[in-house]
Every structure is written in structure tokens, then in C-alpha cells.
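S.K.: Just so it is clear, I am handing over my_file_16.csv, which has CSV, C-alpha atoms and all ligand atoms.
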chain,number,residue,atom,x,y,z
D,1,MET,CA,-9.7,-5.6,23.1
D,2,ASN,CA,-7.3,-5.0,20.2
D,3,ILE,CA,-8.5,-4.1,16.7
D,4,SER,CA,-6.6,-6.0,14.0
D,5,VAL,CA,-5.6,-3.9,11.0
D,6,ALA,CA,-4.3,-4.5,7.5
D,7,ILE,CA,-2.0,-2.1,5.8
D,8,LEU,CA,-2.0,-2.4,2.0
D,9,GLY,CA,1.0,-0.6,0.5
D,10,ALA,CA,3.0,-1.4,3.6
D,11,THR,CA,6.3,-1.1,1.7
D,12,GLY,CA,5.8,2.6,0.7
D,13,TYR,CA,6.6,5.6,2.8
D,14,THR,CA,3.1,6.2,4.2
D,15,GLY,CA,2.7,2.4,4.7
D,16,ALA,CA,5.9,2.3,6.7
D,17,GLU,CA,4.8,5.2,8.8
D,18,LEU,CA,1.5,3.5,9.5
D,19,ILE,CA,3.3,0.4,10.7
D,20,ARG,CA,5.3,2.5,13.1
D,21,LEU,CA,2.2,4.2,14.5
D,22,VAL,CA,0.0,1.1,14.7
D,23,GLU,CA,2.8,-0.8,16.4
D,24,SER,CA,2.9,1.6,19.3
D,25,HIS,CA,-0.8,2.1,19.5
D,26,PRO,CA,-2.5,0.5,22.6
D,27,HIS,CA,-5.6,-0.8,20.8
D,28,PHE,CA,-4.6,-1.4,17.1
D,29,GLU,CA,-2.4,-4.2,16.0
D,30,VAL,CA,-0.9,-5.1,12.6
D,31,ALA,CA,-2.4,-8.3,11.3
D,32,HIS,CA,-1.7,-8.0,7.6
D,33,LEU,CA,0.9,-6.3,5.4
D,34,GLY,CA,0.2,-6.0,1.7
D,35,ALA,CA,2.7,-5.1,-1.0
D,36,HIS,CA,2.9,-5.2,-4.8
D,37,SER,CA,6.3,-5.7,-6.5
D,38,GLN,CA,7.8,-6.6,-3.1
D,39,SER,CA,5.2,-9.2,-2.2
D,40,GLY,CA,6.5,-12.6,-1.1
D,41,LYS,CA,9.5,-11.0,0.7
D,42,ARG,CA,9.9,-10.6,4.5
D,43,ALA,CA,8.9,-7.1,5.6
D,44,GLY,CA,12.3,-6.6,7.2
D,45,GLU,CA,14.0,-7.1,3.8
D,46,VAL,CA,12.3,-4.1,2.4
D,47,LEU,CA,11.7,-1.9,5.4
D,48,PRO,CA,14.9,-1.1,7.2
D,49,GLY,CA,13.1,0.6,10.1
D,50,ILE,CA,11.3,-2.5,11.6
D,51,SER,CA,12.7,-5.3,13.7
D,52,GLY,CA,11.6,-8.4,15.6
D,53,GLU,CA,8.5,-10.5,14.7
D,54,LEU,CA,7.2,-7.8,12.4
D,55,ALA,CA,10.4,-7.9,10.3
D,56,SER,CA,9.8,-11.6,9.5
D,57,THR,CA,6.2,-11.1,8.4
D,58,LEU,CA,5.6,-12.2,4.9
D,59,LEU,CA,4.4,-9.4,2.6
D,60,ALA,CA,1.1,-10.5,1.0
D,61,ALA,CA,0.2,-9.7,-2.6
D,62,SER,CA,-2.2,-6.8,-2.9
D,63,ASP,CA,-5.1,-9.1,-3.9
D,64,ALA,CA,-4.3,-11.8,-1.3
D,65,PRO,CA,-7.2,-12.6,1.1
D,66,ILE,CA,-7.2,-10.8,4.4
D,67,SER,CA,-8.0,-12.6,7.7
D,68,ASP,CA,-11.6,-12.3,8.9
D,69,GLN,CA,-10.3,-10.9,12.2
D,70,VAL,CA,-9.2,-7.7,10.4
D,71,GLN,CA,-11.7,-4.9,11.1
D,72,LEU,CA,-9.8,-1.9,9.5
D,73,VAL,CA,-7.9,-1.7,6.3
D,74,PHE,CA,-5.5,1.2,5.5
D,75,THR,CA,-5.0,1.5,1.8
D,76,ALA,CA,-1.7,3.3,1.2
D,77,LEU,CA,-1.6,2.6,-2.5
D,78,PRO,CA,-1.2,4.8,-5.6
D,79,HIS,CA,-4.3,6.5,-6.8
D,80,GLY,CA,-6.1,4.3,-9.4
D,81,ALA,CA,-4.7,1.1,-7.7
D,82,ALA,CA,-6.4,1.9,-4.4
D,83,ALA,CA,-10.1,2.0,-5.5
D,84,GLU,CA,-10.4,-1.8,-6.2
D,85,SER,CA,-8.8,-2.7,-2.8
D,86,VAL,CA,-11.1,-0.3,-1.0
D,87,LYS,CA,-14.2,-1.8,-2.7
D,88,ASN,CA,-13.1,-5.3,-1.8
D,89,ALA,CA,-12.4,-4.4,1.8
D,90,LEU,CA,-15.8,-2.7,2.2
D,91,ASP,CA,-17.6,-5.6,0.5
D,92,SER,CA,-16.1,-7.9,3.1
D,93,GLY,CA,-17.5,-5.8,5.9
D,94,ARG,CA,-14.5,-3.9,6.9
D,95,LYS,CA,-13.9,-0.2,7.6
D,96,VAL,CA,-11.4,1.5,5.3
D,97,ILE,CA,-9.1,4.5,5.5
D,98,ASP,CA,-7.8,5.3,2.0
D,99,LEU,CA,-4.7,7.4,1.9
D,100,SER,CA,-4.8,7.8,-1.9
D,101,ALA,CA,-6.8,10.4,-3.8
D,102,ASP,CA,-9.4,7.8,-5.1
D,103,PHE,CA,-12.2,8.9,-2.9
D,104,ARG,CA,-11.4,12.5,-2.1
D,105,HIS,CA,-13.7,14.0,-4.7
D,106,LYS,CA,-17.5,14.1,-4.9
D,107,SER,CA,-17.8,14.2,-8.6
D,108,HIS,CA,-16.5,11.8,-11.2
D,109,ASP,CA,-15.8,14.6,-13.6
D,110,THR,CA,-13.5,16.4,-11.1
D,111,TYR,CA,-11.7,13.2,-10.4
D,112,LYS,CA,-11.2,12.5,-14.1
D,113,GLU,CA,-10.1,16.1,-14.7
D,114,ALA,CA,-7.5,16.0,-11.9
D,115,TYR,CA,-6.2,12.5,-12.4
D,116,GLY,CA,-6.8,11.9,-16.1
D,117,VAL,CA,-8.3,8.4,-15.6
D,118,GLU,CA,-11.8,6.9,-15.3
D,119,HIS,CA,-12.7,5.8,-11.8
D,120,PRO,CA,-13.6,2.1,-11.4
D,121,CYS,CA,-16.2,2.6,-8.6
D,122,PRO,CA,-17.6,6.2,-8.5
D,123,GLU,CA,-20.7,4.8,-6.8
D,124,LEU,CA,-18.7,4.9,-3.5
D,125,PHE,CA,-18.0,8.7,-3.8
D,126,ASP,CA,-21.2,9.7,-1.9
D,127,GLU,CA,-20.4,7.4,1.0
D,128,ALA,CA,-16.8,8.5,1.4
D,129,VAL,CA,-16.1,11.0,4.2
D,130,TYR,CA,-13.3,13.5,3.5
D,131,GLY,CA,-11.3,13.0,6.7
D,132,LEU,CA,-9.8,16.4,7.5
D,133,THR,CA,-10.4,15.4,11.1
D,134,GLU,CA,-10.7,18.9,12.6
D,135,PHE,CA,-13.6,19.7,10.3
D,136,SER,CA,-15.3,16.3,9.8
D,137,ARG,CA,-14.9,14.3,13.0
D,138,SER,CA,-18.6,13.6,13.5
D,139,ASP,CA,-18.9,12.2,10.0
D,140,VAL,CA,-15.7,10.3,10.4
D,141,ALA,CA,-17.1,8.7,13.5
D,142,ASP,CA,-19.9,7.1,11.6
D,143,ALA,CA,-18.0,6.4,8.4
D,144,ARG,CA,-17.2,3.0,6.7
D,145,LEU,CA,-14.9,4.8,4.3
D,146,VAL,CA,-12.7,7.7,5.0
D,147,ALA,CA,-10.8,9.4,2.3
D,148,ASN,CA,-7.7,10.7,4.0
D,149,PRO,CA,-6.8,14.2,2.6
D,150,GLY,CA,-3.7,14.9,0.6
D,151,CYS,CA,-0.7,16.5,2.3
D,152,TYR,CA,-0.8,19.8,0.4
D,153,PRO,CA,-4.6,20.2,0.9
D,154,THR,CA,-4.2,19.5,4.7
D,155,SER,CA,-1.5,22.2,5.1
D,156,THR,CA,-3.6,24.6,3.1
D,157,LEU,CA,-7.2,23.9,4.3
D,158,LEU,CA,-6.4,24.0,8.0
D,159,PRO,CA,-5.6,27.8,8.0
D,160,LEU,CA,-7.9,28.6,5.0
D,161,VAL,CA,-11.2,27.2,6.2
D,162,PRO,CA,-11.7,29.3,9.4
D,163,LEU,CA,-10.9,32.5,7.5
D,164,LEU,CA,-13.4,31.6,4.8
D,165,ARG,CA,-16.0,30.8,7.4
D,166,ASN,CA,-15.6,34.2,8.9
D,167,GLY,CA,-16.1,35.8,5.5
D,168,VAL,CA,-12.9,37.9,5.7
D,169,LEU,CA,-11.1,36.7,2.6
D,170,ASP,CA,-11.2,37.7,-1.0
D,171,SER,CA,-11.9,34.2,-2.2
D,172,GLU,CA,-10.8,34.8,-5.8
D,173,GLN,CA,-7.3,36.0,-4.8
D,174,ILE,CA,-5.7,33.0,-3.0
D,175,ILE,CA,-2.2,32.0,-3.9
D,176,VAL,CA,-0.7,28.9,-2.2
D,177,ASP,CA,3.0,28.4,-2.6
D,178,SER,CA,4.1,25.1,-1.1
D,179,LYS,CA,7.4,23.2,-0.5
D,180,SER,CA,7.6,19.5,0.2
D,181,GLY,CA,10.4,17.1,1.1
D,182,THR,CA,10.9,14.2,-1.3
D,183,SER,CA,9.1,11.6,0.7
D,184,GLY,CA,5.9,13.4,-0.5
D,185,ALA,CA,6.5,11.8,-3.9
D,186,GLY,CA,6.6,8.3,-2.6
D,187,ARG,CA,9.3,5.6,-2.7
D,188,SER,CA,9.1,4.4,-6.3
D,189,ALA,CA,12.1,4.9,-8.5
D,190,ASP,CA,12.0,8.2,-10.4
D,191,ARG,CA,14.9,9.8,-12.1
D,192,SER,CA,13.9,13.3,-11.0
D,193,LEU,CA,14.2,12.2,-7.4
D,194,LEU,CA,17.7,10.9,-7.6
D,195,TYR,CA,20.2,12.4,-5.1
D,196,CYS,CA,22.1,14.2,-7.8
D,197,GLU,CA,19.0,15.7,-9.4
D,198,ILE,CA,17.5,16.9,-6.1
D,199,ASN,CA,20.4,17.7,-3.8
D,200,GLU,CA,21.2,21.4,-3.2
D,201,GLY,CA,18.3,22.4,-5.5
D,202,LEU,CA,14.8,23.6,-5.4
D,203,SER,CA,12.3,23.3,-8.2
D,204,ALA,CA,8.6,24.0,-8.9
D,205,TYR,CA,6.6,21.3,-10.6
D,206,GLY,CA,3.0,20.4,-11.4
D,207,LEU,CA,2.1,23.6,-13.3
D,208,PRO,CA,-0.1,24.8,-14.8
D,209,ARG,CA,-2.4,23.0,-12.4
D,210,HIS,CA,-1.3,20.4,-9.9
D,211,ARG,CA,-4.0,17.7,-9.1
D,212,HIS,CA,-4.2,18.9,-5.5
D,213,ALA,CA,-5.6,22.3,-6.6
D,214,TRP,CA,-8.9,20.6,-7.4
D,215,GLU,CA,-9.0,19.0,-4.0
D,216,MET,CA,-8.2,22.3,-2.2
D,217,GLU,CA,-10.9,24.2,-4.1
D,218,GLU,CA,-13.5,21.5,-3.6
D,219,TRP,CA,-13.0,21.3,0.2
D,220,ALA,CA,-12.4,25.0,0.7
D,221,ASN,CA,-15.8,25.3,-0.8
D,222,GLY,CA,-17.2,22.3,1.1
D,223,PHE,CA,-16.0,23.3,4.6
D,224,GLY,CA,-15.7,27.1,4.1
D,225,GLN,CA,-19.0,27.4,2.3
D,226,GLN,CA,-17.5,29.7,-0.3
D,227,SER,CA,-16.5,29.2,-3.9
D,228,VAL,CA,-12.8,29.8,-4.1
D,229,SER,CA,-10.2,30.1,-6.8
D,230,ILE,CA,-6.7,28.9,-5.7
D,231,ARG,CA,-3.5,29.4,-7.6
D,232,PHE,CA,-1.3,26.6,-6.3
D,233,VAL,CA,2.4,26.1,-7.0
D,234,PRO,CA,4.2,23.2,-5.3
D,235,HIS,CA,8.0,22.9,-5.0
D,236,ILE,CA,10.2,20.0,-4.1
D,237,LEU,CA,13.3,20.5,-2.0
D,238,PRO,CA,16.1,18.3,-0.7
D,239,MET,CA,14.8,17.1,2.6
D,240,SER,CA,13.3,13.7,3.5
D,241,ARG,CA,10.1,14.9,5.1
D,242,GLY,CA,8.3,18.1,5.9
D,243,MET,CA,5.9,20.5,4.1
D,244,LEU,CA,5.5,24.3,4.3
D,245,SER,CA,2.7,26.1,2.6
D,246,THR,CA,2.7,29.9,2.3
D,247,LEU,CA,-0.8,31.3,1.7
D,248,HIS,CA,-0.8,34.8,0.1
D,249,LEU,CA,-4.2,36.2,1.1
D,250,SER,CA,-6.2,39.4,0.6
D,251,GLY,CA,-9.3,40.5,2.4
D,252,GLU,CA,-10.8,42.5,5.2
D,253,ARG,CA,-9.1,43.4,8.5
D,254,PRO,CA,-6.1,41.1,8.4
D,255,GLU,CA,-5.1,42.2,11.8
D,256,THR,CA,-8.0,40.1,13.1
D,257,TRP,CA,-7.0,36.9,11.3
D,258,HIS,CA,-4.6,35.7,14.0
D,259,LYS,CA,-7.4,35.9,16.6
D,260,ILE,CA,-9.9,34.1,14.2
D,261,LEU,CA,-7.4,31.2,13.8
D,262,SER,CA,-6.6,31.1,17.5
D,263,GLN,CA,-10.3,30.8,18.4
D,264,ALA,CA,-11.0,28.2,15.7
D,265,PHE,CA,-8.3,25.9,16.9
D,266,ALA,CA,-8.3,26.7,20.6
D,267,HIS,CA,-9.5,23.2,21.6
D,268,GLU,CA,-7.6,21.3,18.9
D,269,THR,CA,-4.7,19.0,19.9
D,270,PHE,CA,-3.0,19.0,16.6
D,271,VAL,CA,-3.3,22.5,15.3
D,272,ASN,CA,-1.0,25.1,16.9
D,273,ILE,CA,-1.4,28.8,16.2
D,274,LEU,CA,1.9,30.3,17.0
D,275,PRO,CA,2.1,33.6,19.0
D,276,GLU,CA,1.8,36.7,16.9
D,277,GLY,CA,5.1,37.5,15.2
D,278,GLN,CA,6.3,33.9,15.0
D,279,LEU,CA,6.4,31.8,11.8
D,280,PRO,CA,6.6,28.0,11.6
D,281,SER,CA,9.3,25.7,10.4
D,282,THR,CA,9.3,22.2,9.1
D,283,GLN,CA,11.9,21.2,11.7
D,284,ALA,CA,9.6,22.1,14.5
D,285,VAL,CA,6.9,19.6,13.4
D,286,LYS,CA,9.0,16.7,12.0
D,287,GLY,CA,7.9,13.4,13.5
D,288,SER,CA,4.8,15.0,15.2
D,289,ASN,CA,1.1,15.1,14.0
D,290,ARG,CA,1.1,18.8,14.5
D,291,CYS,CA,0.2,21.6,12.1
D,292,ASP,CA,1.9,24.8,13.1
D,293,ILE,CA,0.5,28.1,11.7
D,294,GLY,CA,1.8,31.6,11.8
D,295,VAL,CA,0.3,34.9,10.5
D,296,ALA,CA,2.1,37.9,9.2
D,297,VAL,CA,0.0,41.0,8.4
D,298,ILE,CA,1.6,42.8,5.5
D,299,GLY,CA,-0.8,45.6,4.7
D,300,THR,CA,-4.3,47.0,5.4
D,301,LYS,CA,-5.8,44.3,3.1
D,302,GLN,CA,-3.2,41.5,3.0
D,303,ALA,CA,-1.5,38.9,5.1
D,304,VAL,CA,0.7,35.9,4.6
D,305,VAL,CA,-0.3,32.8,6.5
D,306,VAL,CA,2.3,30.0,6.8
D,307,SER,CA,1.5,26.5,7.7
D,308,CYS,CA,3.8,23.5,8.4
D,309,ILE,CA,3.2,19.8,8.7
D,310,ASP,CA,5.1,16.6,8.5
D,311,ASN,CA,3.8,15.3,5.2
D,312,LEU,CA,4.0,11.7,6.4
D,313,LEU,CA,2.1,12.4,9.7
D,314,LYS,CA,-0.6,15.1,9.7
D,315,GLY,CA,-0.2,15.0,5.9
D,316,ALA,CA,-0.9,11.2,5.6
D,317,SER,CA,-0.4,8.4,8.1
D,318,GLY,CA,-0.8,10.5,11.3
D,319,GLN,CA,-4.1,11.9,10.2
D,320,ALA,CA,-5.1,8.4,9.1
D,321,LEU,CA,-4.5,7.2,12.6
D,322,GLN,CA,-6.3,10.2,14.1
D,323,ASN,CA,-9.3,9.2,11.9
D,324,ALA,CA,-9.0,5.6,12.9
D,325,ASN,CA,-9.2,6.6,16.6
D,326,VAL,CA,-12.3,8.6,15.9
D,327,MET,CA,-13.9,5.8,13.8
D,328,PHE,CA,-13.4,3.3,16.7
D,329,GLY,CA,-14.3,5.6,19.5
D,330,PHE,CA,-10.8,5.9,21.0
D,331,GLU,CA,-9.4,9.2,22.3
D,332,GLU,CA,-8.4,11.1,19.1
D,333,ALA,CA,-4.8,11.7,20.0
D,334,LEU,CA,-4.0,8.1,21.1
D,335,GLY,CA,-0.7,6.9,19.7
D,336,LEU,CA,0.1,10.3,18.1
D,337,SER,CA,2.7,12.8,19.3
D,338,THR,CA,2.4,16.5,19.4
D,339,THR,CA,6.1,16.7,20.1
D,340,ALA,CA,8.6,16.8,17.2
D,341,LEU,CA,11.7,14.9,16.7
D,342,TRP,CA,14.0,17.8,17.3
D,343,PRO,CA,16.8,18.8,16.4
D,401,LIG,N1,4.0,10.4,0.6
D,401,LIG,C1,3.2,11.3,1.1
D,401,LIG,O1,3.7,12.2,1.8
D,401,LIG,C2,1.8,11.1,0.9
D,401,LIG,C3,0.9,12.1,1.6
D,401,LIG,C4,-0.5,11.9,1.5
D,401,LIG,C5,-1.0,11.0,0.7
D,401,LIG,N2,-0.2,10.1,0.0
D,401,LIG,C6,-0.8,9.1,-0.9
D,401,LIG,O2,-0.7,7.9,-0.2
D,401,LIG,C7,-0.5,6.8,-1.2
D,401,LIG,C8,0.8,6.1,-0.8
D,401,LIG,O3,1.8,7.0,-0.9
D,401,LIG,P1,3.3,6.6,-0.6
D,401,LIG,O4,4.1,7.9,-0.7
D,401,LIG,O5,3.4,5.7,0.6
D,401,LIG,O6,3.7,5.7,-2.0
D,401,LIG,P2,4.9,4.8,-2.2
D,401,LIG,O7,6.0,5.0,-1.2
D,401,LIG,O8,5.2,4.9,-3.7
D,401,LIG,O9,4.3,3.3,-1.9
D,401,LIG,C9,3.3,2.7,-2.7
D,401,LIG,C10,2.9,1.4,-2.2
D,401,LIG,O10,1.9,0.9,-3.0
D,401,LIG,C11,2.3,-0.4,-3.6
D,401,LIG,N3,1.9,-0.4,-5.0
D,401,LIG,C12,2.5,0.2,-6.0
D,401,LIG,N4,1.8,0.0,-7.2
D,401,LIG,C13,0.8,-0.8,-6.8
D,401,LIG,C14,-0.3,-1.4,-7.6
D,401,LIG,N5,-0.4,-1.2,-8.9
D,401,LIG,N6,-1.2,-2.1,-6.9
D,401,LIG,C15,-1.1,-2.3,-5.6
D,401,LIG,N7,-0.1,-1.8,-4.8
D,401,LIG,C16,0.8,-1.0,-5.5
D,401,LIG,C17,3.8,-0.4,-3.4
D,401,LIG,O11,4.2,-1.8,-3.2
D,401,LIG,P3,5.6,-2.3,-3.7
D,401,LIG,O12,6.7,-1.5,-3.0
D,401,LIG,O13,5.6,-3.8,-3.2
D,401,LIG,O14,5.7,-2.2,-5.2
D,401,LIG,C18,4.0,0.4,-2.1
D,401,LIG,O15,3.8,-0.5,-1.0
D,401,LIG,C19,-0.5,7.5,-2.5
D,401,LIG,O16,-1.8,7.4,-3.1
D,401,LIG,C20,-0.1,8.9,-2.2
D,401,LIG,O17,-0.6,9.9,-3.1
D,401,LIG,C21,1.2,10.2,0.1
As C-alpha cells, please, write out the structure in this file.
M.R.:
Amino acid sequence: MNISVAILGATGYTGAELIRLVESHPHFEVAHLGAHSQSGKRAGEVLPGISGELASTLLAASDAPISDQVQLVFTALPHGAAAESVKNALDSGRKVIDLSADFRHKSHDTYKEAYGVEHPCPELFDEAVYGLTEFSRSDVADARLVANPGCYPTSTLLPLVPLLRNGVLDSEQIIVDSKSGTSGAGRSADRSLLYCEINEGLSAYGLPRHRHAWEMEEWANGFGQQSVSIRFVPHILPMSRGMLSTLHLSGERPETWHKILSQAFAHETFVNILPEGQLPSTQAVKGSNRCDIGVAVIGTKQAVVVSCIDNLLKGASGQALQNANVMFGFEEALGLSTTALWP
């Protein structure tokens, strides 16, 4: 039996990626596409990547009623706008996977500090499961509401958590230097993302403290059972998709860290620890749900760990589908590829 799903925010980059994934999934099917400024148009007018029956689907307004058949709602909406839609979907008895940041924090104060706004329904914080699947799959399986992690936190926490759990890191000396393609900033018009502004350039942004720093610290603490301090500097560069995070780490016996990571992810489909001496690249994971991780020991107390994901897949819609598979009892990798679109 197929599970009908609604995608709210279907006209954005993560929404479009969800459509692509759900369309080729054997047990999920698209039953509702929601939009905001583009509502009332046919999906094919706004999304060049789709065709056939789906392209002629009318885009519903974000508050339009959703058919009773729909069991799962993906909210791929800006933070702040997502919370209300999440609450409505839960109130009508559906499961929700929220790709925004609205339910990634446990405390209202942290949310407010990171996002600068009041949250309309903080009473749902306790129920939300932070869906970094590799570390939370048993909670995801029982959840009504999954808060899908941010892309930068996904690329950072996957290598960081096993090292924290093994107690080998100096948790006050963590520097995360990340680079993202421009799809990470979404599809809305923004002058700083125009071709002429971004092409052939590289720039840092979000300082002194990008909002994902709170999320990284909260869940490094939550999963790694250690209070950490992370200095996080994101950069944007002229490629459509892809994310690379370089973790500058200090601690004990860095020569053992490759083994720690290899053992932690030995049975994981989507986390790939590269052989010693190899470092990852965004090209090698583009179009796949994989996170590739490489380790370079650079001293008796220090190492650099590099992690790569496709921000729209393991960093967003791919991980959302991975969580959906877990929530509905399907094989976790169903409909997701470990093979990149390469070259
Ligand atoms: N891009 C990434 O790599 C990435 C990774 C992880 C998480 N996320 C998170 O996922 C969410 C979606 O990101 P995105 O990159 O797909 O964004 P996006 O490309 O900007 O798309 C936003 C979507 O939300 C709709 N929308 C905009 N304002 C709205 C409002 N006030 N009420 C209801 N709907 C509204 C838009 O509809 P119209 O087009 O019709 O206006 C569009 O469908 C964001 O919260 C983002 O932080 C993104």
C-alpha cells in the first residue's frame, strides 16, 4: 500500500528535491504540493525539473486543506513560517517531517537567541525528535514530529559525535570551517546570490555567530554527552550544491580517530569513512545521500577531519526521506542512492 504525502514548500530547492525522491520511491506518492507566492500556478510552470501529470498539478496555497488520505507532511518552508503548518498537520493526525529549524531546539530561549523571533508553539519542542538518523533512528521510528537537521550541523555532527563519545577531543577547542553551494541559501531572490555577485568568488558570512552554531553545540552535547564550544565559520562559493566542512580538532591520540570513526559507522549505509590518507570532495557525493569523511593527523595532539555532503540530500531532503522510511517501517535506504552523479 502506498503512503500519500504532502510537500509544503514544494517550489523551493528542498521541496523540489523531495518531489524527485518521493516520485521514485516505491511506497510514497505525492498527493499535495503546497506553495506560497507561486500558489495557483501549475507545478511545471515553476519547477523546470518535473514533467507529465505532476507538472500539471495545481500548487495549493500554504494554508489550503490537505486531503484526508495524506499521512505524512514534509514542511520545506522558511523557519518561522513552518511552525504553524507543522502544528496544523499534527492536529489533523498526520506525521510531520519539518526541514526548517523551527523544532530543532529543545529550549525556547535558544531558538529565540539563534533566530531572533518568538516561537508560536514551543509546547511542541519536547515531542520533536531531532532526526540525525544515524544517532536517533529508534526515536525517529516512534515520532510524530521529526525535526530534520540543518545541512551544516549534519556535516559537522556526523564526524564529531563519535569522537566526543570516545572522550578523545578537547571539547573547548573545536573550529568548524564550512563551505556551501548557493542552493543552501534557498531559491528566494537575494542580491548577494546574483550570478555577478557570487561567480568566481568565495566569501565568509554569518559572523560573529551563525544560527547553526547553536544547533551544532546543542546536539554535540545531546548525542556526544559533552558540553562543547564550537567556533563555526560558513562560506558560500559558486557551485549549485555541495557542502564541505573542515573540523580543526585537538585532543588525545589523533592517530586513533580514523579507527574510531570507521568503527562507529561500520554498519551505516550513508556514512563513508574514506581510507586513511584520502580526503573527500563535494563532487564525489553530489546527487547521493552519502556523507564522506576523511581524517588527516597533523600532530601529536591535532587532526583535521573533513566531511562532505550534498546539502540538498543528506543535508536536507535525502535525510528527510531516510527519516520517513524509518517512521513508516520501510528499509532505511529505500529510494535513496549511495552513488553520486559523477562527473
Ligand atoms: N537549501 C538547503 O540546502 C537546506 C538544507 C537544510 C535545511 N533547509 C531548510 O529547509 C527549508 C526550505 O529551504 P529551501 O532551501 O527549499 O527554501 P526555498 O528554496 O527558499 O523555498 C521556500 C519554500 O517555502 C515557500 N514559502 C516562502 N515563504 C513562505 C511563507 N511565508 N509561508 C509559507 N511558505 C512560504 C516558498 O513558496 P513560493 O516559492 O511559492 O513563494 C517555497 O516553496 C528552510 O527552512 C531551510 O532553512 C534548507
S.K.: Please tell me which residues are no farther than 12 Å from (15.6, 13.3, -7.2) in the file, counting all atoms listed in the file, and write them as an MDAnalysis selection string.
M.R.: chainID D and resid 181:203 236:240
S.K.: Can you write out the residues you just picked, keeping C-alpha atoms, as a PDB file, in the frame of the given file?
M.R.:
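Writing done, so here's selection.pdb:
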ATOM      1  CA  GLY D 181      10.400  17.100   1.100  1.00  0.00           C
ATOM      2  CA  THR D 182      10.900  14.200  -1.300  1.00  0.00           C
ATOM      3  CA  SER D 183       9.100  11.600   0.700  1.00  0.00           C
ATOM      4  CA  GLY D 184       5.900  13.400  -0.500  1.00  0.00           C
ATOM      5  CA  ALA D 185       6.500  11.800  -3.900  1.00  0.00           C
ATOM      6  CA  GLY D 186       6.600   8.300  -2.600  1.00  0.00           C
ATOM      7  CA  ARG D 187       9.300   5.600  -2.700  1.00  0.00           C
ATOM      8  CA  SER D 188       9.100   4.400  -6.300  1.00  0.00           C
ATOM      9  CA  ALA D 189      12.100   4.900  -8.500  1.00  0.00           C
ATOM     10  CA  ASP D 190      12.000   8.200 -10.400  1.00  0.00           C
ATOM     11  CA  ARG D 191      14.900   9.800 -12.100  1.00  0.00           C
ATOM     12  CA  SER D 192      13.900  13.300 -11.000  1.00  0.00           C
ATOM     13  CA  LEU D 193      14.200  12.200  -7.400  1.00  0.00           C
ATOM     14  CA  LEU D 194      17.700  10.900  -7.600  1.00  0.00           C
ATOM     15  CA  TYR D 195      20.200  12.400  -5.100  1.00  0.00           C
ATOM     16  CA  CYS D 196      22.100  14.200  -7.800  1.00  0.00           C
ATOM     17  CA  GLU D 197      19.000  15.700  -9.400  1.00  0.00           C
ATOM     18  CA  ILE D 198      17.500  16.900  -6.100  1.00  0.00           C
ATOM     19  CA  ASN D 199      20.400  17.700  -3.800  1.00  0.00           C
ATOM     20  CA  GLU D 200      21.200  21.400  -3.200  1.00  0.00           C
ATOM     21  CA  GLY D 201      18.300  22.400  -5.500  1.00  0.00           C
ATOM     22  CA  LEU D 202      14.800  23.600  -5.400  1.00  0.00           C
ATOM     23  CA  SER D 203      12.300  23.300  -8.200  1.00  0.00           C
ATOM     24  CA  ILE D 236      10.200  20.000  -4.100  1.00  0.00           C
ATOM     25  CA  LEU D 237      13.300  20.500  -2.000  1.00  0.00           C
ATOM     26  CA  PRO D 238      16.100  18.300  -0.700  1.00  0.00           C
ATOM     27  CA  MET D 239      14.800  17.100   2.600  1.00  0.00           C
ATOM     28  CA  SER D 240      13.300  13.700   3.500  1.00  0.00           C
TER      29      SER D 240
END
S.K.: Select, from D:Ser227, D:Val285, D:Leu163, D:Ile174, the residue with the minimum atom-to-atom distance to Arg253 (chain D), counting only C-alpha atoms.
M.R.: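 Selected residue with least distance to Arg253 (chain D): D:Leu163.
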S.K.: So that I can check the surroundings of region 218-226 of chain D, please list as a ChimeraX atom specification every protein, DNA and RNA residue that reaches within 6 Å of it, counting all atoms listed in the file and ignoring chain neighbours fewer than 5 positions away.
M.R.: /D:161,164-165
S.K.: Within 8 Å of ligand LIG 401 (chain D) (counting all atoms listed in the file), which residues show up? I'd like them as a PyMOL selection string.
M.R.: chain D and resi 8-16+34-39+62+75-82+98-102+148-152+183-188+241+311-312+315-317
S.K.: Nearest to Pro208 (chain D) among D:Ala114, D:Gly251, D:Asp292, D:His258, with distances taken over all atoms listed in the file: which residue is it?
M.R.: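 Nearest to Pro208 (chain D): D:Ala114.
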S.K.: I need the residue nearest Pro234 (chain D) from this list: D:Asp170, D:Asp109, D:Asp177, D:Glu217. Use all atoms listed in the file for the distance.
M.R.: D:Asp177
S.K.: Hey, what's within 9 Å of Glu45 (chain D) if we count all atoms listed in the file and toss same-chain stuff fewer than 3 positions away? As a PDB file with C-alpha atoms, in the frame of the given file, please?
M.R.:
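Okay, out_22.pdb is ready:
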ATOM      1  CA  LYS D  41       9.500 -11.000   0.700  1.00  0.00           C
ATOM      2  CA  ARG D  42       9.900 -10.600   4.500  1.00  0.00           C
ATOM      3  CA  PRO D  48      14.900  -1.100   7.200  1.00  0.00           C
ATOM      4  CA  ALA D  55      10.400  -7.900  10.300  1.00  0.00           C
ATOM      5  CA  SER D  56       9.800 -11.600   9.500  1.00  0.00           C
TER       6      SER D  56
END
